[in-house]
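Worksheet: the structure to be examined is printed underneath.
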Amino acid sequence: MHGKHKHVPLALAAMAMLLGASSLVVPTQDARAAWFRPLQHKVNPTAQVTGIEGKVIVVDAGHGGRDSGARGVGGVIEKDITLAVAHKLARYLQQGGAIVMMTRTTDTDLATERDRAMKQRHLGDLRGRLNVVRRQRVDAFVSIHCNSAPSPDWRGAQVLYLKTNPHAKQLAAVMQETFRAELLPTKRDIQSNRTLFLLKRIEGPTVLAEIGFLSNPDEARALTTDHYQERVAFAMYQALVRYFSDPAASQPAEKDT
């Protein structure tokens, strides 16, 4: 749950991210520049049919370590669900030819000891995730979270994006459509946001996927199963393939006003 709600082998790529091994990342030429390569998401006529061949995609498993995220029906914990789905998504993307970077691969966070000493663990964790993006050029960023609400009736996966980011809105729309087709019933639409830390600071196709409500018995139960986690991961994979394969992706939706 976000906010107040709570070609390179994958293993080598993840290790490079965690250890800061510069030999396996592509540093930005100008730290002030946007992280994603301009026009990189346009369809290359010679690209393989997956559309994600060679794309550098960051998969962000929300929460971790001391930050468990939302707690749901039956004691299910958000950080465990997001990490499991992140690993599955990373595997699908790698098999499709993408270069995958994960912000975390274990039950930990990205805050430093200094962050903890200054009682800024949460902010330090977010900065750590942002630094993963800034250490190399990437083509898309997907943050995975679970939702929670006071009422068990609330349900449905939903994709969030920065209100002023048209590339993000385009990916969010594709992913939301895929969620409707592949996951438990949802009547939710994409939702714009102006405040989330990572969405505000990462340009290009950047989305936060709330993959279900842990406070809803049906979704909580499903999200603890390997089968449904695979469905969620594959739905996100399909959305990324569609985004990068569709010529319309080079004509993103207009900015919200």
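Naming scheme: A, B, ... for chains in displayed order of the structure tokens; residues 1 onward per chain; ligands 1 onward as shown.
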Using only C-alpha atoms, which residues of range 158-226 of chain A come within 10 Å of range 124-130 of chain A, and what is the closest atom pair for each, with the distance in Å to one decimal? Give it as a Markdown table, sorted by chain and residue number.
```
| residue | atom | partner | partner_atom | distance |
| --- | --- | --- | --- | --- |
| A:Phe197 | CA | A:Leu126 | CA | 7.3 |
| A:Leu198 | CA | A:Leu130 | CA | 6.7 |
| A:Leu199 | CA | A:Leu130 | CA | 9.9 |
| A:Arg201 | CA | A:Leu130 | CA | 7.8 |
| A:Ile202 | CA | A:Leu130 | CA | 7.8 |
```
- Query: Which one is closest to Thr164 in chain A: A:Leu184, A:Glu210, A:Glu219, A:Glu203? Count only C-alpha atoms.
  - Reply: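 Smallest distance to Thr164 in chain A is found for A:Glu203.
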- Query: Hey, what does DSSP flag as helix (DSSP H, G or I) within range 63-205 of chain A? Can you give it to me as number ranges by chain?
  - Reply: A: 73-75, 78-95, 113-117, 121-134, 166-182, 197-201
- Quick one: everything within 8 Å of Ser215 in chain A, counting only C-alpha atoms, minus sequence neighbours fewer than 3 positions away in the same chain. Send it as a list in words.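 The neighbour list is Arg71, Gly72, Val73, Asn147, Ser148, Ala149, Pro150, Ser151, Pro152, Trp154, Glu219 and Ala220 of chain A.
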Among range 20-241 of chain A, which residues does DSSP mark as strand (DSSP E or B) when it is run on the backbone? Keep the chain and numbering as in the structure and answer as a compact mmCIF listing (two decimals) with C-alpha atoms, in the first residue's frame.
```txt
# COMPACT_ATOMS: atom_id res chain seq x y z
CA VAL A 56 15.48 -1.80 -19.17
CA ILE A 57 12.58 -2.15 -16.73
CA VAL A 58 12.70 -1.50 -12.99
CA VAL A 59 10.42 -3.68 -10.87
CA ASP A 60 9.80 -2.17 -7.44
CA ALA A 61 8.39 -4.42 -4.70
CA GLY A 64 10.08 -4.45 3.01
CA ASP A 67 7.95 -1.65 6.87
CA ARG A 71 -1.88 -6.11 6.96
CA ILE A 77 1.32 -8.89 4.89
CA ILE A 99 16.81 -6.28 -18.86
CA VAL A 100 15.32 -6.28 -15.37
CA MET A 101 16.40 -4.31 -12.33
CA MET A 102 14.71 -4.95 -8.96
CA ALA A 140 9.86 1.82 -17.52
CA PHE A 141 9.26 1.68 -13.78
CA VAL A 142 6.56 -0.44 -12.15
CA SER A 143 5.95 -0.22 -8.40
CA ILE A 144 3.87 -3.03 -6.90
CA HIS A 145 1.63 -2.47 -3.87
CA CYS A 146 -1.49 -3.83 -2.20
CA ASN A 147 -4.39 -1.75 -0.98
CA GLN A 158 -6.03 -0.20 -9.75
CA VAL A 159 -3.14 1.60 -11.45
CA LEU A 160 -1.93 5.04 -10.36
CA TYR A 161 0.12 7.53 -12.35
CA LEU A 162 1.35 11.11 -12.03
CA GLN A 191 -6.24 7.15 -10.88
CA SER A 192 -4.09 10.24 -11.25
CA ASN A 193 -1.96 11.44 -8.38
CA THR A 206 6.08 5.06 -14.45
CA VAL A 207 3.13 3.50 -12.64
CA LEU A 208 2.14 2.23 -9.22
CA ALA A 209 -0.01 -0.89 -9.36
CA GLU A 210 -2.32 -1.58 -6.42
CA ILE A 211 -2.94 -5.25 -7.17
CA GLY A 212 -5.83 -5.80 -4.78
CA PHE A 213 -7.28 -5.07 -1.34
```
- Query: Do you have the CA of Pro217 in chain A-CA of Leu89 in chain A distance handy?
  - Reply: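 Computing the Euclidean distance for CA of Pro217 in chain A and CA of Leu89 in chain A yields 23.9 Å.
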- Task: Check the smallest atom-to-atom distance from each of A:Asp139, A:Asp226, A:Asp246, A:Asp109 to Ala168 in chain A using only C-alpha atoms, then report the winner.
- Result: A:Asp139
- Task: Could you give me, as JSON, numbers by chain, the residues within 10 Å of Glu230 in chain A, counting only C-alpha atoms and dropping anything in the same chain fewer than 3 positions from it?
- Result: {"A": [84, 85, 86, 87, 88, 89, 92, 223, 225, 226, 227, 233, 234, 235, 236]}
- Message: Can you measure CA of Gly97 in chain A to CA of Ser245 in chain A for me? One decimal in Å is fine.
- Response: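 Atom-to-atom, CA of Gly97 in chain A and CA of Ser245 in chain A are spaced 13.1 Å apart.
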- Note on the structure: From CA of Ala239 in chain A to CA of Leu93 in chain A the spacing works out at 11.0 Å
- Name all residues at most 10 Å from Arg188 in chain A (count only C-alpha atoms; drop same-chain ones fewer than 3 positions away) and give them as a PyMOL selection string. chain A and resi 155-159+176-177+179-180+185+191
- Between A:Glu182, A:Glu53, A:Asp107, A:Asp153, which has the minimum distance to Val232 in chain A (counting only C-alpha atoms)?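 Going through A:Glu182, A:Glu53, A:Asp107, A:Asp153 one by one, the smallest distance to Val232 in chain A is for A:Glu182.
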